[in-house]
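**Student:** Pasting in a structure now, in structure tokens, and then I'll have a few things to ask.
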Amino acid sequence: SQNIYILGIESSCDDTAASVIHNGKILSNVVAGQKIHEEFGGVVPELASRAHQQNIVPVVHQALKKANITKEQLNAVAFTRGPGLMGSLLVGTSFAKSLAYGLNIPLIDVNHMQAHILAHFIDEEGFEKPPFPFLAMTISGGHTQIVKVDSYFNMTVIGETIDDAVGEAFDKSGKILGLGYPAGPEIDKRAKLGNPKAFKFTKPKVEGLNFSFSGLKTAILYFIQREVKANPNFINDNLNDICTSIQYTIIGILIDKLKLASKQTGIKHIAIGGGVSANSGIRQALKNGEQKFGWTTYIPKFEFTTDNAAMIAIVGYLKYLEGNFAEQSVMASARLKI
Ligand code: KG4
Ligand code: ZN
């Protein structure tokens with residue numbers, strides 16, 4: 001039968017990634033992160049695009065090597081067209097175009113946010129694929145969305161953040177506490193050690209299925225400033241409790257909206273994706289929803305949650321099967337919509 005090899009390339013933010021997929025199965029999944037941003041406490045776009053330019057060829061070379069194929073065996077090249085940082089997207093887009101042109105094979109454009117969702121369709125032992133329709137909550141450093149997914153390429157955003165993304169809520173809270181960037185993983189670790197109700201932060205009041213996280217960040221900032229005035233060691237003395245309380249609040253906000261989305265749509269199949277879905281508290285809360293609300297939940301393998309190219313490759317494969325290719329004139333799009 002078919003024997004399709006697709007190369008996926010991801011360069012939307014600060015990770016340069018390449019992956020080879022054979023039919024639905026991932027053969028390689030290479031990611032080069034960029035340490036350079038840590039000292040600035042956030043991604044510096046100019047530095048990100050420079051690092052992509054340095055990393056892209058070695059990363060693609062590694063992905064082909066690990067997959068044990070030559071570039072001549074590829075059937076198509078898939079790349080992230082957007083959304084993301086323009087300078088970063090341009091590197092992956094231009095490289096993918098050149099490679100497809102040189103090899104005389106189809107070029108496939110991929111929407112990064114669709115890819116976070118369709119990562120659930122990678123063939124992976126022990127991981128179920130969600131049946132249509134399902135709800136997907138994509139939570140990352142750049143995005144917070146609830147999406148109704150009717151088929152691979154028929155998706156509707158039914159809720160999203162009106163200001164900060166949920167990952168920013170983790171990272172900015174961490175910055176206030178003096179934690180390194182990105183702070184999500186450390187807050188997650190400390191949240192296993194503290195009391196979730198030690199400190200109370202009010203949840204934002206946002207109508208419907210939309211989110212808001214900027215008020216929470218400000219509330220945390222004022223709270224910390226006030227407490228530190230009274231006790232200069234407040235952060236150190238209470239770090240685990242503070243982290244646990246912040247994470248508890250954020251998870252509460254996410255689960256409330258998922259509950260509402262499930263109620264409004266009548267859909268009980270719930271999938272998550274994006275860097276923040278690596279959070280162990282969110283994973284647990286979602287699992288608890290199976291008993292509490294009758295949900296069936298889909299949580300991706302850890303390496304397919306944060307930015308990666310395997311998710312780009314699977315979308316490339318699904319589009320390849322439909323003959324859905326891009327023109328060579330296709331342009332990167334920083335604000336590409338689902
Ligand atoms: O998807 P991703 O790698 O990149 C974007 O597209 O943004 O997500 C990165 C975000 C960061 O904000 C990081 O703090 C957060 O994901 N993150 C976590 C965890 N691991 C990564 N947040 C909470 N808990 C985690 N375990
Ligand atoms: Zn992402």
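Ordering of the structure tokens sets the chain letters (A, B, ...); residue numbers start at 1 within each chain; ligands are numbered from 1 in the order shown.
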Contacts of A:Asn23 at 9 Å or less, counting only C-alpha atoms, minus same-chain residues fewer than 6 places along, as a PDB file with N, CA and C atoms, in the first residue's frame?

**Tutor:**
```
ATOM      1  N   GLN A   2       0.413   2.299   0.650  1.00  0.00           N
ATOM      2  CA  GLN A   2       1.135   3.564   0.589  1.00  0.00           C
ATOM      3  C   GLN A   2       2.404   3.537   1.449  1.00  0.00           C
ATOM      4  N   ASN A   3       3.312   4.403   1.111  1.00  0.00           N
ATOM      5  CA  ASN A   3       4.596   4.450   1.786  1.00  0.00           C
ATOM      6  C   ASN A   3       5.061   5.907   1.777  1.00  0.00           C
ATOM      7  N   ILE A   4       4.452   6.697   2.664  1.00  0.00           N
ATOM      8  CA  ILE A   4       4.616   8.153   2.588  1.00  0.00           C
ATOM      9  C   ILE A   4       5.546   8.673   3.684  1.00  0.00           C
ATOM     10  N   TYR A   5       6.560   9.411   3.269  1.00  0.00           N
ATOM     11  CA  TYR A   5       7.454  10.082   4.220  1.00  0.00           C
ATOM     12  C   TYR A   5       7.264  11.591   4.114  1.00  0.00           C
ATOM     13  N   ILE A   6       6.954  12.228   5.249  1.00  0.00           N
ATOM     14  CA  ILE A   6       6.794  13.683   5.271  1.00  0.00           C
ATOM     15  C   ILE A   6       7.784  14.278   6.260  1.00  0.00           C
ATOM     16  N   ASP A 123       0.117   8.284  15.404  1.00  0.00           N
ATOM     17  CA  ASP A 123       0.016   6.873  15.847  1.00  0.00           C
ATOM     18  C   ASP A 123       0.989   6.654  16.978  1.00  0.00           C
ATOM     19  N   ILE A 314       2.440  15.446  11.222  1.00  0.00           N
ATOM     20  CA  ILE A 314       1.172  14.692  11.140  1.00  0.00           C
ATOM     21  C   ILE A 314       0.139  15.479  10.341  1.00  0.00           C
ATOM     22  N   TYR A 317       0.994  15.066   6.793  1.00  0.00           N
ATOM     23  CA  TYR A 317       0.558  13.756   6.303  1.00  0.00           C
ATOM     24  C   TYR A 317      -0.939  13.760   5.983  1.00  0.00           C
TER      25      TYR A 317
END
```

**Student:** Once you count only C-alpha atoms and all ligand atoms, which residues end up within 9 Å of ligand 2, and could you hand them over as a PyMOL selection string?

**Tutor:** chain A and resi 12-13+84+112-113+115-116+138-143+273-275+305-308

**Student:** Selection from above, C-alpha atoms, as a short mmCIF file (atom, residue, chain, number, x, y, z; two decimals), in the first residue's frame, can you write it?

**Tutor:**
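Result saved to part.cif:
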```
data_model
loop_
_atom_site.label_atom_id
_atom_site.label_comp_id
_atom_site.auth_asym_id
_atom_site.auth_seq_id
_atom_site.Cartn_x
_atom_site.Cartn_y
_atom_site.Cartn_z
CA SER A 12 7.14 29.73 15.01
CA CYS A 13 8.64 30.81 18.31
CA GLY A 84 3.95 33.06 15.50
CA HIS A 112 0.48 25.87 14.32
CA MET A 113 -2.69 25.95 16.44
CA ALA A 115 -1.19 21.22 14.73
CA HIS A 116 -1.29 21.40 18.55
CA THR A 138 -4.92 24.58 23.50
CA ILE A 139 -2.93 26.23 26.25
CA SER A 140 0.57 27.57 25.68
CA GLY A 141 2.84 30.56 26.17
CA GLY A 142 1.23 32.28 23.21
CA HIS A 143 -2.33 30.97 23.11
CA GLY A 273 -2.57 20.47 23.80
CA GLY A 274 0.15 23.12 23.98
CA GLY A 275 3.03 23.61 26.41
CA THR A 305 2.68 19.06 24.07
CA THR A 306 5.36 21.75 23.88
CA ASP A 307 6.34 23.10 20.47
CA ASN A 308 7.56 20.29 18.23
#
```

**Student:** Determine which residues of stretch 52-103 of chain A DSSP labels as alpha helix (DSSP H) from the backbone of this structure, then write them out as a count of residues only.

**Tutor:** 34

**Student:** Can you pull out the residues contacting A:Ile250? Cut-off 9 Å, using only C-alpha atoms, and skip same-chain residues under 2 positions away; I want them as a ChimeraX atom specification.

**Tutor:** /A:166,169-170,203,213,216,245-248,252-255

**Student:** Quick one: write out the picked residues with C-alpha atoms as an mmCIF file, in the first residue's frame?

**Tutor:**
```cif
data_model
loop_
_atom_site.group_PDB
_atom_site.id
_atom_site.type_symbol
_atom_site.label_atom_id
_atom_site.label_comp_id
_atom_site.auth_asym_id
_atom_site.auth_seq_id
_atom_site.Cartn_x
_atom_site.Cartn_y
_atom_site.Cartn_z
ATOM 1 C CA VAL A 166 -2.269 30.981 30.298
ATOM 2 C CA ALA A 169 0.179 33.746 33.611
ATOM 3 C CA PHE A 170 2.572 31.027 34.801
ATOM 4 C CA LYS A 203 -10.849 34.430 39.395
ATOM 5 C CA PHE A 213 -5.283 36.315 32.734
ATOM 6 C CA LEU A 216 -4.619 37.636 37.891
ATOM 7 C CA SER A 245 -2.185 28.555 45.198
ATOM 8 C CA ILE A 246 -1.424 30.224 41.863
ATOM 9 C CA GLN A 247 -1.573 26.926 39.969
ATOM 10 C CA TYR A 248 -4.791 25.955 41.767
ATOM 11 C CA GLY A 252 -9.850 26.384 38.352
ATOM 12 C CA ILE A 253 -10.250 28.997 35.627
ATOM 13 C CA LEU A 254 -9.463 26.488 32.856
ATOM 14 C CA ILE A 255 -11.729 23.739 34.184
#
```

**Student:** What does the structure give for the distance between atom CA of A:Gly92 and atom CA of A:Val157, in Å to one decimal?

**Tutor:**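 Pair atom CA of A:Gly92 / atom CA of A:Val157 returns 25.7 Å.
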
**Student:** Using only C-alpha atoms and all ligand atoms, pick whichever of A:Ile242, A:Leu209, A:Val57, A:Ile251 has the shortest atom-to-atom distance to ligand 1.

**Tutor:**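 When distances to ligand 1 are compared using only C-alpha atoms and all ligand atoms, the smallest one comes from A:Ile251.
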
**Student:** Write out, as a tab-separated table, each residue of stretch 81-179 of chain A that has an atom at most 12 Å from stretch 47-55 of chain A, together with the closest pair of atoms and their distance in Å to one decimal, counting only C-alpha atoms, rows going by chain and rising number.

**Tutor:**
```
residue	atom	partner	partner_atom	distance
A:Gly84	CA	A:Ser49	CA	11.3
A:Leu85	CA	A:Ser49	CA	8.5
A:Met86	CA	A:Ser49	CA	8.6
A:Gly87	CA	A:Ser49	CA	5.2
A:Ser88	CA	A:Ser49	CA	4.4
A:Leu89	CA	A:Ser49	CA	8.0
A:Leu90	CA	A:Ser49	CA	8.2
A:Val91	CA	A:Gln53	CA	6.2
A:Gly92	CA	A:His52	CA	7.8
A:Thr93	CA	A:His52	CA	11.3
A:Ser94	CA	A:Gln53	CA	10.4
A:Phe95	CA	A:Gln53	CA	9.2
```

**Student:** Write out as a list in words which residues come within 7 Å of A:Val315 when counting only C-alpha atoms, dropping same-chain ones fewer than 4 positions away.

**Tutor:**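 Here the answer would be Val110, Ala115, Leu118, Met311 and Lys319 of chain A.
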
**Student:** For the selection just defined, write its residues with C-alpha atoms to a file, as a compact mmCIF listing (two decimals), in the first residue's frame.

**Tutor:**
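Full text of out_39.txt as output:
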```
# COMPACT_ATOMS: atom_id res chain seq x y z
CA VAL A 110 0.44 24.05 8.45
CA ALA A 115 -1.19 21.22 14.73
CA LEU A 118 -4.05 17.31 15.49
CA MET A 311 2.66 17.77 15.13
CA LYS A 319 -3.10 17.13 4.10
```

**Student:** List the spatial neighbours of A:Ile224 as a PDB file with N, CA and C atoms, in the first residue's frame - criterion: any atom at most 9 Å away, only C-alpha atoms, same-chain residues fewer than 4 positions off excluded.

**Tutor:**
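Once everything was written out, this is part_27.pdb:
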```pdb
ATOM      1  N   ILE A 176       7.591  37.427  38.976  1.00  0.00           N
ATOM      2  CA  ILE A 176       7.329  38.192  40.201  1.00  0.00           C
ATOM      3  C   ILE A 176       7.978  37.485  41.394  1.00  0.00           C
ATOM      4  N   LEU A 177       7.978  36.160  41.349  1.00  0.00           N
ATOM      5  CA  LEU A 177       8.528  35.367  42.466  1.00  0.00           C
ATOM      6  C   LEU A 177      10.035  35.154  42.337  1.00  0.00           C
ATOM      7  N   ALA A 219      -3.035  41.017  40.285  1.00  0.00           N
ATOM      8  CA  ALA A 219      -3.453  40.699  41.655  1.00  0.00           C
ATOM      9  C   ALA A 219      -2.305  40.027  42.412  1.00  0.00           C
ATOM     10  N   ILE A 220      -1.597  39.133  41.715  1.00  0.00           N
ATOM     11  CA  ILE A 220      -0.480  38.429  42.350  1.00  0.00           C
ATOM     12  C   ILE A 220       0.647  39.419  42.665  1.00  0.00           C
ATOM     13  N   VAL A 228       5.537  41.397  51.064  1.00  0.00           N
ATOM     14  CA  VAL A 228       6.992  41.559  51.199  1.00  0.00           C
ATOM     15  C   VAL A 228       7.312  42.800  52.039  1.00  0.00           C
ATOM     16  N   LYS A 229       6.422  43.793  51.983  1.00  0.00           N
ATOM     17  CA  LYS A 229       6.601  45.000  52.801  1.00  0.00           C
ATOM     18  C   LYS A 229       6.564  44.623  54.280  1.00  0.00           C
ATOM     19  N   PHE A 234       9.013  36.997  52.805  1.00  0.00           N
ATOM     20  CA  PHE A 234       7.723  36.355  52.545  1.00  0.00           C
ATOM     21  C   PHE A 234       7.792  35.324  51.411  1.00  0.00           C
ATOM     22  N   ILE A 235       8.449  35.691  50.304  1.00  0.00           N
ATOM     23  CA  ILE A 235       8.477  34.780  49.152  1.00  0.00           C
ATOM     24  C   ILE A 235       9.200  33.481  49.512  1.00  0.00           C
TER      25      ILE A 235
END
```

**Student:** Quick check, in Å to one decimal: how far apart do atom 7 (O, counted along the ligand's line) of ligand 1 and atom CA of A:Ala261 lie?

**Tutor:**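 Those two atoms sit 22.8 Å apart.
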
**Student:** Dump as JSON lines the rows for residues of stretch 15-41 of chain A within 12 Å of stretch 79-82 of chain A: closest atom pair and distance in Å with one decimal, only C-alpha atoms counted, ordered by chain and rising residue number.

**Tutor:**
```
{"residue": "A:Asp15", "atom": "CA", "partner": "A:Thr80", "partner_atom": "CA", "distance": 11.9}
{"residue": "A:Thr16", "atom": "CA", "partner": "A:Thr80", "partner_atom": "CA", "distance": 10.9}
{"residue": "A:Ala17", "atom": "CA", "partner": "A:Phe79", "partner_atom": "CA", "distance": 10.0}
{"residue": "A:Ala18", "atom": "CA", "partner": "A:Phe79", "partner_atom": "CA", "distance": 9.1}
{"residue": "A:Ser19", "atom": "CA", "partner": "A:Phe79", "partner_atom": "CA", "distance": 10.4}
{"residue": "A:Val20", "atom": "CA", "partner": "A:Phe79", "partner_atom": "CA", "distance": 11.9}
```

**Student:** Given only C-alpha atoms and all ligand atoms as the basis, pick out the residue of A:Phe223, A:Phe40, A:Phe293, A:Phe302 nearest to ligand 1.

**Tutor:**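 That would be A:Phe302, the residue with the smallest distance to ligand 1.
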
**Student:** Excluding same-chain residues fewer than 2 positions from stretch 194-197 of chain A, what lies within 10 Å of it counting only C-alpha atoms, as an MDAnalysis selection string?

**Tutor:** chainID A and resid 189:192 199:201 238:249

**Student:** Output the selection as a PDB file, in the first residue's frame - C-alpha atoms for each residue.

**Tutor:**
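Contents of part16.pdb, freshly written:
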```pdb
ATOM      1  CA  LYS A 189       7.012  21.074  40.649  1.00  0.00           C
ATOM      2  CA  ARG A 190       6.457  23.282  43.674  1.00  0.00           C
ATOM      3  CA  ALA A 191       2.677  22.913  43.360  1.00  0.00           C
ATOM      4  CA  LYS A 192       3.097  19.281  44.454  1.00  0.00           C
ATOM      5  CA  PHE A 199      -3.600  32.097  49.493  1.00  0.00           C
ATOM      6  CA  LYS A 200      -6.723  33.044  47.632  1.00  0.00           C
ATOM      7  CA  PHE A 201      -6.681  34.851  44.292  1.00  0.00           C
ATOM      8  CA  ASN A 238       6.050  30.600  51.445  1.00  0.00           C
ATOM      9  CA  LEU A 239       7.256  29.773  47.938  1.00  0.00           C
ATOM     10  CA  ASN A 240       5.640  26.335  47.649  1.00  0.00           C
ATOM     11  CA  ASP A 241       2.324  27.561  49.059  1.00  0.00           C
ATOM     12  CA  ILE A 242       2.330  30.585  46.734  1.00  0.00           C
ATOM     13  CA  CYS A 243       3.073  28.432  43.671  1.00  0.00           C
ATOM     14  CA  THR A 244       0.455  25.868  44.652  1.00  0.00           C
ATOM     15  CA  SER A 245      -2.185  28.555  45.198  1.00  0.00           C
ATOM     16  CA  ILE A 246      -1.424  30.224  41.863  1.00  0.00           C
ATOM     17  CA  GLN A 247      -1.573  26.926  39.969  1.00  0.00           C
ATOM     18  CA  TYR A 248      -4.791  25.955  41.767  1.00  0.00           C
ATOM     19  CA  THR A 249      -6.383  29.248  40.712  1.00  0.00           C
TER      20      THR A 249
END
```

**Student:** For atom CA of A:Ser262 and atom 19 (C, counted along the ligand's line) of ligand 1, quote the distance in Å rounded to one decimal.

**Tutor:**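 Atom-to-atom, atom CA of A:Ser262 and atom 19 (C, counted along the ligand's line) of ligand 1 are spaced 24.2 Å apart.
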